[in-house]
$ cat structure_1.cif   # mmCIF, C-alpha atoms
data_work
loop_
_atom_site.label_atom_id
_atom_site.label_comp_id
_atom_site.auth_asym_id
_atom_site.auth_seq_id
_atom_site.Cartn_x
_atom_site.Cartn_y
_atom_site.Cartn_z
CA MET A 16 148.40 101.88 210.54
CA ASN A 17 146.19 104.84 211.37
CA GLN A 18 142.42 104.58 211.56
CA ILE A 19 140.46 106.97 209.35
CA ASN A 20 137.20 108.02 210.97
CA LEU A 21 134.14 108.34 208.72
CA LYS A 22 131.40 110.92 209.11
CA TYR A 23 128.50 110.54 206.70
CA PHE A 24 126.12 113.33 205.72
CA PRO A 25 122.77 112.70 204.02
CA ASP A 26 123.26 115.36 201.35
CA THR A 27 125.75 117.88 200.04
CA GLN A 28 124.14 120.82 201.83
CA SER A 29 124.53 119.09 205.19
CA LEU A 30 128.19 118.42 204.39
CA ASP A 31 128.76 122.04 203.38
CA ASN A 32 127.06 123.29 206.55
CA ALA A 33 129.27 121.10 208.73
CA VAL A 34 132.41 122.37 207.00
CA VAL A 35 131.25 125.96 207.53
CA GLU A 36 130.71 125.20 211.21
CA ILE A 37 134.11 123.58 211.79
CA LEU A 38 135.97 126.31 209.90
CA THR A 39 134.10 129.04 211.78
CA THR A 40 134.92 127.36 215.09
CA HIS A 41 138.62 127.25 214.28
CA PHE A 42 138.70 130.83 212.99
CA GLN A 43 137.32 131.93 216.36
CA LEU A 44 139.50 129.79 218.65
CA GLN A 45 141.51 131.96 221.00
CA SER A 46 145.19 131.14 221.43
CA SER A 47 148.32 132.70 222.84
CA HIS A 48 150.38 131.58 219.83
CA PRO A 49 149.86 131.67 216.04
CA GLN A 50 147.33 129.22 214.67
CA ALA A 51 146.68 128.37 211.03
CA ILE A 52 143.93 126.66 209.10
CA MET A 53 144.98 124.79 205.96
CA LEU A 54 142.54 125.26 203.09
CA SER A 55 142.13 122.82 200.24
CA GLY A 56 141.47 123.79 196.66
CA GLY A 57 139.17 122.41 194.00
CA SER A 58 135.46 122.96 193.60
CA THR A 59 134.17 120.84 196.51
CA PRO A 60 134.83 123.31 199.38
CA LEU A 61 133.87 126.47 197.45
CA PRO A 62 130.23 126.58 198.65
CA ALA A 63 131.46 126.46 202.25
CA TYR A 64 134.02 129.20 201.60
CA ASN A 65 131.35 131.35 199.95
CA ALA A 66 128.95 130.80 202.86
CA ILE A 67 131.58 131.98 205.33
CA ARG A 68 132.24 135.03 203.15
CA GLU A 69 128.53 135.89 203.21
CA SER A 70 128.25 135.41 206.97
CA ARG A 71 129.31 137.93 209.58
CA CYS A 72 132.02 135.70 210.98
CA THR A 73 135.33 137.34 211.77
CA ALA A 74 138.53 135.60 212.79
CA VAL A 75 140.23 136.33 216.10
CA SER A 76 143.66 137.90 215.98
CA GLY A 77 146.61 135.65 215.36
CA LYS A 78 144.90 133.44 212.78
CA PHE A 79 146.84 132.37 209.69
CA ILE A 80 145.89 130.69 206.43
CA VAL A 81 148.01 128.10 204.66
CA TYR A 82 147.13 126.18 201.49
CA SER A 83 147.34 122.49 200.72
CA ASP A 84 148.59 123.43 197.26
CA ASP A 85 148.17 125.80 194.37
CA ARG A 86 148.51 125.82 190.62
CA MET A 87 151.16 128.00 189.01
CA VAL A 88 148.69 130.47 187.54
CA PRO A 89 148.23 134.22 188.08
CA ALA A 90 146.90 135.11 191.52
CA ASP A 91 143.65 136.41 190.00
CA SER A 92 143.01 133.31 187.92
CA PRO A 93 139.85 131.24 188.56
CA ASP A 94 142.23 128.25 188.69
CA SER A 95 144.05 129.77 191.68
CA ASN A 96 143.16 128.39 195.10
CA TYR A 97 144.40 131.64 196.61
CA HIS A 98 142.06 133.66 194.37
CA ASN A 99 139.09 131.43 195.15
CA THR A 100 139.51 131.99 198.89
CA SER A 101 140.67 135.61 198.93
CA SER A 102 137.21 137.16 199.35
CA MET A 103 136.46 134.85 202.29
CA ILE A 104 139.78 135.73 203.90
CA ALA A 105 139.09 139.45 203.47
CA SER A 106 135.64 139.06 205.03
CA LEU A 107 137.19 137.28 208.02
CA GLY A 108 139.55 140.20 208.56
CA ILE A 109 142.70 138.11 208.29
CA ALA A 110 145.63 140.35 207.36
CA SER A 111 147.50 139.66 204.13
CA GLU A 112 150.73 139.07 206.04
CA ASN A 113 149.00 136.16 207.81
CA VAL A 114 148.19 134.43 204.54
CA ILE A 115 150.93 131.90 203.76
CA ARG A 116 150.48 131.19 200.07
CA VAL A 117 152.27 130.01 196.97
CA HIS A 118 153.70 133.06 195.22
CA THR A 119 152.93 132.04 191.67
CA GLU A 120 154.50 135.18 190.23
CA CYS A 121 157.82 133.42 190.88
CA ASP A 122 159.06 130.54 188.77
CA LEU A 123 158.14 127.06 189.96
CA ASP A 124 161.25 126.19 191.95
CA ASP A 125 161.50 129.64 193.51
CA ALA A 126 157.81 129.54 194.47
CA ALA A 127 158.30 126.19 196.20
CA GLU A 128 161.41 127.46 197.99
CA ARG A 129 159.62 130.59 199.21
CA TYR A 130 156.64 128.54 200.41
CA GLU A 131 159.03 126.27 202.27
CA ARG A 132 160.70 129.23 203.98
CA ASP A 133 157.39 130.84 204.95
CA ILE A 134 155.99 127.62 206.42
CA THR A 135 159.23 126.91 208.27
CA GLN A 136 159.20 130.41 209.75
CA PHE A 137 155.60 129.95 210.90
CA PHE A 138 156.57 126.82 212.86
CA GLU A 139 159.71 128.47 214.21
CA ASP A 140 157.44 131.22 215.57
CA ASP A 141 155.61 128.56 217.59
CA GLY A 142 152.82 128.27 215.06
CA GLU A 143 150.37 125.39 214.93
CA VAL A 144 148.09 124.21 212.13
CA THR A 145 145.00 123.22 214.07
CA LEU A 146 142.83 122.10 211.15
CA GLY A 147 143.55 120.99 207.61
CA LEU A 148 141.02 120.44 204.86
CA LEU A 149 141.93 118.01 202.09
CA GLY A 150 140.21 116.85 198.95
CA LEU A 151 140.35 113.44 197.31
CA GLY A 152 140.80 113.14 193.56
CA GLY A 153 139.21 110.39 191.53
CA ASP A 154 142.73 109.09 190.89
CA GLY A 155 143.52 108.94 194.61
CA HIS A 156 145.57 112.14 194.92
CA THR A 157 145.23 114.81 197.58
CA ALA A 158 146.61 118.36 197.53
CA SER A 159 149.03 118.05 194.58
CA ILE A 160 150.44 114.77 195.84
CA PHE A 161 149.79 112.71 192.73
CA THR A 162 152.23 109.81 193.10
CA LEU A 163 153.21 107.35 195.81
CA ASP A 164 156.78 108.64 195.65
CA ASP A 165 155.54 112.17 196.32
CA ALA A 166 153.40 110.84 199.16
CA ARG A 167 156.49 109.28 200.79
CA TYR A 168 158.51 112.49 200.50
CA THR A 169 159.17 113.95 203.95
CA SER A 170 162.42 115.87 203.54
CA ARG A 171 160.67 119.24 203.27
CA PHE A 172 157.29 120.76 204.02
CA THR A 173 156.66 121.45 200.32
CA LEU A 174 157.17 119.73 197.01
CA VAL A 175 157.09 120.59 193.32
CA ALA A 176 154.51 118.84 191.14
CA ARG A 177 155.42 119.36 187.49
CA ASN A 178 152.70 119.17 184.85
CA ARG A 179 150.11 117.44 186.99
CA ALA A 180 146.58 117.49 185.55
CA GLY A 181 147.55 120.26 183.17
CA PHE A 182 149.39 122.56 185.58
CA ASP A 183 152.69 122.96 187.35
CA ARG A 184 151.94 123.09 191.06
CA VAL A 185 153.42 123.59 194.50
CA SER A 186 152.05 121.34 197.23
CA VAL A 187 152.53 120.66 200.89
CA SER A 188 154.15 117.30 201.58
CA ALA A 189 153.41 114.50 204.02
CA LYS A 190 155.84 116.18 206.42
CA LEU A 191 153.49 119.14 206.68
CA LEU A 192 150.37 116.98 206.89
CA ARG A 193 151.83 115.17 209.90
CA LYS A 194 152.06 118.48 211.75
CA VAL A 195 148.37 119.32 211.28
CA THR A 196 146.42 118.61 214.46
CA ARG A 197 143.23 117.48 212.72
CA LEU A 198 142.88 116.48 209.06
CA ILE A 199 139.51 116.30 207.34
CA PHE A 200 139.01 114.95 203.84
CA MET A 201 135.93 116.54 202.28
CA VAL A 202 134.66 114.08 199.66
CA SER A 203 131.51 114.60 197.64
CA GLY A 204 129.89 112.97 194.63
CA SER A 205 129.18 109.36 193.68
CA PRO A 206 131.99 109.20 191.04
CA LYS A 207 134.45 109.15 193.95
CA ALA A 208 132.79 106.18 195.67
CA SER A 209 135.32 103.61 194.47
CA VAL A 210 138.41 105.62 195.39
CA LEU A 211 136.87 106.46 198.76
CA ALA A 212 136.33 102.75 199.40
CA GLN A 213 139.98 102.10 198.56
CA LEU A 214 141.11 104.84 200.93
CA PHE A 215 139.58 102.79 203.74
CA SER A 216 140.45 99.30 202.50
CA ASP A 217 144.01 99.86 201.25
CA PRO A 218 145.14 103.42 201.98
CA SER A 219 148.81 102.84 201.26
CA ALA A 220 147.97 102.06 197.63
CA LEU A 221 146.75 105.62 197.08
CA PRO A 222 148.85 108.81 197.22
CA ALA A 223 146.25 110.35 199.54
CA GLY A 224 146.31 107.38 201.89
CA GLN A 225 150.08 107.01 201.84
CA ALA A 226 150.53 110.70 202.65
CA ILE A 227 148.56 110.47 205.88
CA LEU A 228 149.77 107.10 207.14
CA GLY A 229 150.61 107.30 210.83
CA HIS A 230 148.55 110.43 211.45
CA ALA A 231 146.51 110.07 214.63
CA ASN A 232 143.55 112.29 213.75
CA VAL A 233 142.22 111.83 210.21
CA GLU A 234 138.56 112.02 209.25
CA VAL A 235 136.56 111.65 206.05
CA TRP A 236 133.44 113.78 205.78
CA THR A 237 131.32 112.66 202.86
CA ASP A 238 127.84 112.57 201.34
CA ILE A 239 128.64 109.32 199.50
CA PRO A 240 126.59 106.40 200.88
CA ALA A 241 128.37 103.67 202.79
CA HIS A 242 131.41 102.40 200.93
#
$ encode --input "structure_1.cif" --output "structure tokens"
Amino acid sequence: MNQINLKYFPDTQSLDNAVVEILTTHFQLQSSHPQAIMLSGGSTPLPAYNAIRESRCTAVSGKFIVYSDDRMVPADSPDSNYHNTSSMIASLGIASENVIRVHTECDLDDAAERYERDITQFFEDDGEVTLGLLGLGGDGHTASIFTLDDARYTSRFTLVARNRAGFDRVSVSAKLLRKVTRLIFMVSGSPKASVLAQLFSDPSALPAGQAILGHANVEVWTDIPAH
């Protein structure tokens, strides 16, 4: 059983500032081989992404972006995780060919297959995902890993999530999460207090907890008072 380390912040702004700092640090880490940062979707990390966009931070060469998941919507949709991060990525100077994303212009199965190929190629090129951001849904999901069966799936780096919370989706799987050097759940808002408490008390009962079982470096950053 892995230990999940908790880092508490007194307010949402402090949490956002810390996420900006850790992302900026990783965007500027020098390396002799490709390094990626995995971005999560949803509304919680958007203020941090926007703050980075408005800063003068630029990424060093060789940085890649990968996504925890995306909805099967047009790439310019406000429901697209790719769309909601694209202006930040442009401001960082990360080239489009270094953005490993779900190609939602394809059909669902083809999009998942292409994402699988692109991620596999990144690792075959000696790539490393140094940091991964994750969210935590009120139902205990993370990325688009909505069920315990999905959380136990490790045959591929990606999985298809059909009609989850109103959308078809493509998600990374637990196999991919296990290859991320450092995972950080960003959890904000008192409505998530009970599911956050369960993540610590009985992680294997939640898709999010099951998906990261055995990972050696998992943290929760939250502004929710002690669970």
$ residues_around --input "structure_1.cif" --residues "Ile52 in chain A" --least-positions-apart "2" --cutoff "12 Å" --atoms "only C-alpha atoms" --output "ChimeraX atom specification"
/A:37-44,49-50,54-55,74,77-83,104,109,113-115,142-149,192,194-199
$ write_last_selection --input "structure_1.cif" --atoms "C-alpha atoms" --output "PDB file, in the frame of the given file"
ATOM      1  CA  ILE A  37     134.110 123.580 211.790  1.00  0.00           C
ATOM      2  CA  LEU A  38     135.970 126.310 209.900  1.00  0.00           C
ATOM      3  CA  THR A  39     134.100 129.040 211.780  1.00  0.00           C
ATOM      4  CA  THR A  40     134.920 127.360 215.090  1.00  0.00           C
ATOM      5  CA  HIS A  41     138.620 127.250 214.280  1.00  0.00           C
ATOM      6  CA  PHE A  42     138.700 130.830 212.990  1.00  0.00           C
ATOM      7  CA  GLN A  43     137.320 131.930 216.360  1.00  0.00           C
ATOM      8  CA  LEU A  44     139.500 129.790 218.650  1.00  0.00           C
ATOM      9  CA  PRO A  49     149.860 131.670 216.040  1.00  0.00           C
ATOM     10  CA  GLN A  50     147.330 129.220 214.670  1.00  0.00           C
ATOM     11  CA  LEU A  54     142.540 125.260 203.090  1.00  0.00           C
ATOM     12  CA  SER A  55     142.130 122.820 200.240  1.00  0.00           C
ATOM     13  CA  ALA A  74     138.530 135.600 212.790  1.00  0.00           C
ATOM     14  CA  GLY A  77     146.610 135.650 215.360  1.00  0.00           C
ATOM     15  CA  LYS A  78     144.900 133.440 212.780  1.00  0.00           C
ATOM     16  CA  PHE A  79     146.840 132.370 209.690  1.00  0.00           C
ATOM     17  CA  ILE A  80     145.890 130.690 206.430  1.00  0.00           C
ATOM     18  CA  VAL A  81     148.010 128.100 204.660  1.00  0.00           C
ATOM     19  CA  TYR A  82     147.130 126.180 201.490  1.00  0.00           C
ATOM     20  CA  SER A  83     147.340 122.490 200.720  1.00  0.00           C
ATOM     21  CA  ILE A 104     139.780 135.730 203.900  1.00  0.00           C
ATOM     22  CA  ILE A 109     142.700 138.110 208.290  1.00  0.00           C
ATOM     23  CA  ASN A 113     149.000 136.160 207.810  1.00  0.00           C
ATOM     24  CA  VAL A 114     148.190 134.430 204.540  1.00  0.00           C
ATOM     25  CA  ILE A 115     150.930 131.900 203.760  1.00  0.00           C
ATOM     26  CA  GLY A 142     152.820 128.270 215.060  1.00  0.00           C
ATOM     27  CA  GLU A 143     150.370 125.390 214.930  1.00  0.00           C
ATOM     28  CA  VAL A 144     148.090 124.210 212.130  1.00  0.00           C
ATOM     29  CA  THR A 145     145.000 123.220 214.070  1.00  0.00           C
ATOM     30  CA  LEU A 146     142.830 122.100 211.150  1.00  0.00           C
ATOM     31  CA  GLY A 147     143.550 120.990 207.610  1.00  0.00           C
ATOM     32  CA  LEU A 148     141.020 120.440 204.860  1.00  0.00           C
ATOM     33  CA  LEU A 149     141.930 118.010 202.090  1.00  0.00           C
ATOM     34  CA  LEU A 192     150.370 116.980 206.890  1.00  0.00           C
ATOM     35  CA  LYS A 194     152.060 118.480 211.750  1.00  0.00           C
ATOM     36  CA  VAL A 195     148.370 119.320 211.280  1.00  0.00           C
ATOM     37  CA  THR A 196     146.420 118.610 214.460  1.00  0.00           C
ATOM     38  CA  ARG A 197     143.230 117.480 212.720  1.00  0.00           C
ATOM     39  CA  LEU A 198     142.880 116.480 209.060  1.00  0.00           C
ATOM     40  CA  ILE A 199     139.510 116.300 207.340  1.00  0.00           C
TER      41      ILE A 199
END
$ closest_residue --input "structure_1.cif" --among "A:Ser76, A:Asn96, A:Thr119, A:Thr173" --to "Gly57 in chain A" --atoms "only C-alpha atoms"
A:Asn96
$ residues_near_point --input "structure_1.cif" --point "(134.0, 132.3, 196.0)" --cutoff "12 Å" --atoms "all atoms listed in the file" --output "list in words"
Gly56, Gly57, Ser58, Thr59, Pro60, Leu61, Pro62, Ala63, Tyr64, Asn65, Ala66, Ile67, Arg68, Glu69, Pro93, Asp94, Ser95, Asn96, Tyr97, His98, Asn99, Thr100, Ser101, Ser102, Met103, Ile104, Ala105 and Ser106 of chain A
$ atom_distance --input "structure_1.cif" --atom1 "CA of Tyr168 in chain A" --atom2 "CA of Val210 in chain A"
21.8 Å
$ atom_distance --input "structure_1.cif" --atom1 "CA of Glu120 in chain A" --atom2 "CA of Arg179 in chain A"
18.6 Å
$ resolve_selection --input "structure_1.cif" --expression "the PyMOL selection byres ((chain A and resi 26) around 10)" --output "PyMOL selection string"
chain A and resi 23-25+27-31+203-204+237-240
$ closest_residue --input "structure_1.cif" --among "A:Ser186, A:Ser111, A:Thr162, A:Ser205" --to "Asp84 in chain A" --atoms "all atoms listed in the file"
A:Ser186
$ closest_residue --input "structure_1.cif" --among "A:His230, A:His48, A:Lys22, A:Arg167" --to "Asp141 in chain A" --atoms "only C-alpha atoms"
A:His48
$ resolve_selection --input "structure_1.cif" --expression "the PyMOL selection byres ((chain A and resi 128) around 12)" --output "list in words"
Arg116, Val117, His118, Thr119, Cys121, Asp122, Leu123, Asp124, Asp125, Ala126, Ala127, Arg129, Tyr130, Glu131, Arg132, Asp133, Ile134, Thr135, Arg171, Phe172, Thr173, Leu174, Val175, Val185, Ser186 and Val187 of chain A
$ resolve_selection --input "structure_1.cif" --expression "the PyMOL selection byres ((chain A and resi 87) around 7)" --output "list of chain:residue names"
A:Asp85, A:Arg86, A:Val88, A:Pro89, A:Thr119, A:Phe182, A:Asp183, A:Arg184
$ axis_aligned_box --input "structure_1.cif" --around "range 142-159 of chain A" --padding-each-side "4 Å" --output "JSON"
{"center_x": 146.0, "center_y": 118.6, "center_z": 203.0, "size_x": 21.6, "size_y": 27.3, "size_z": 32.2}
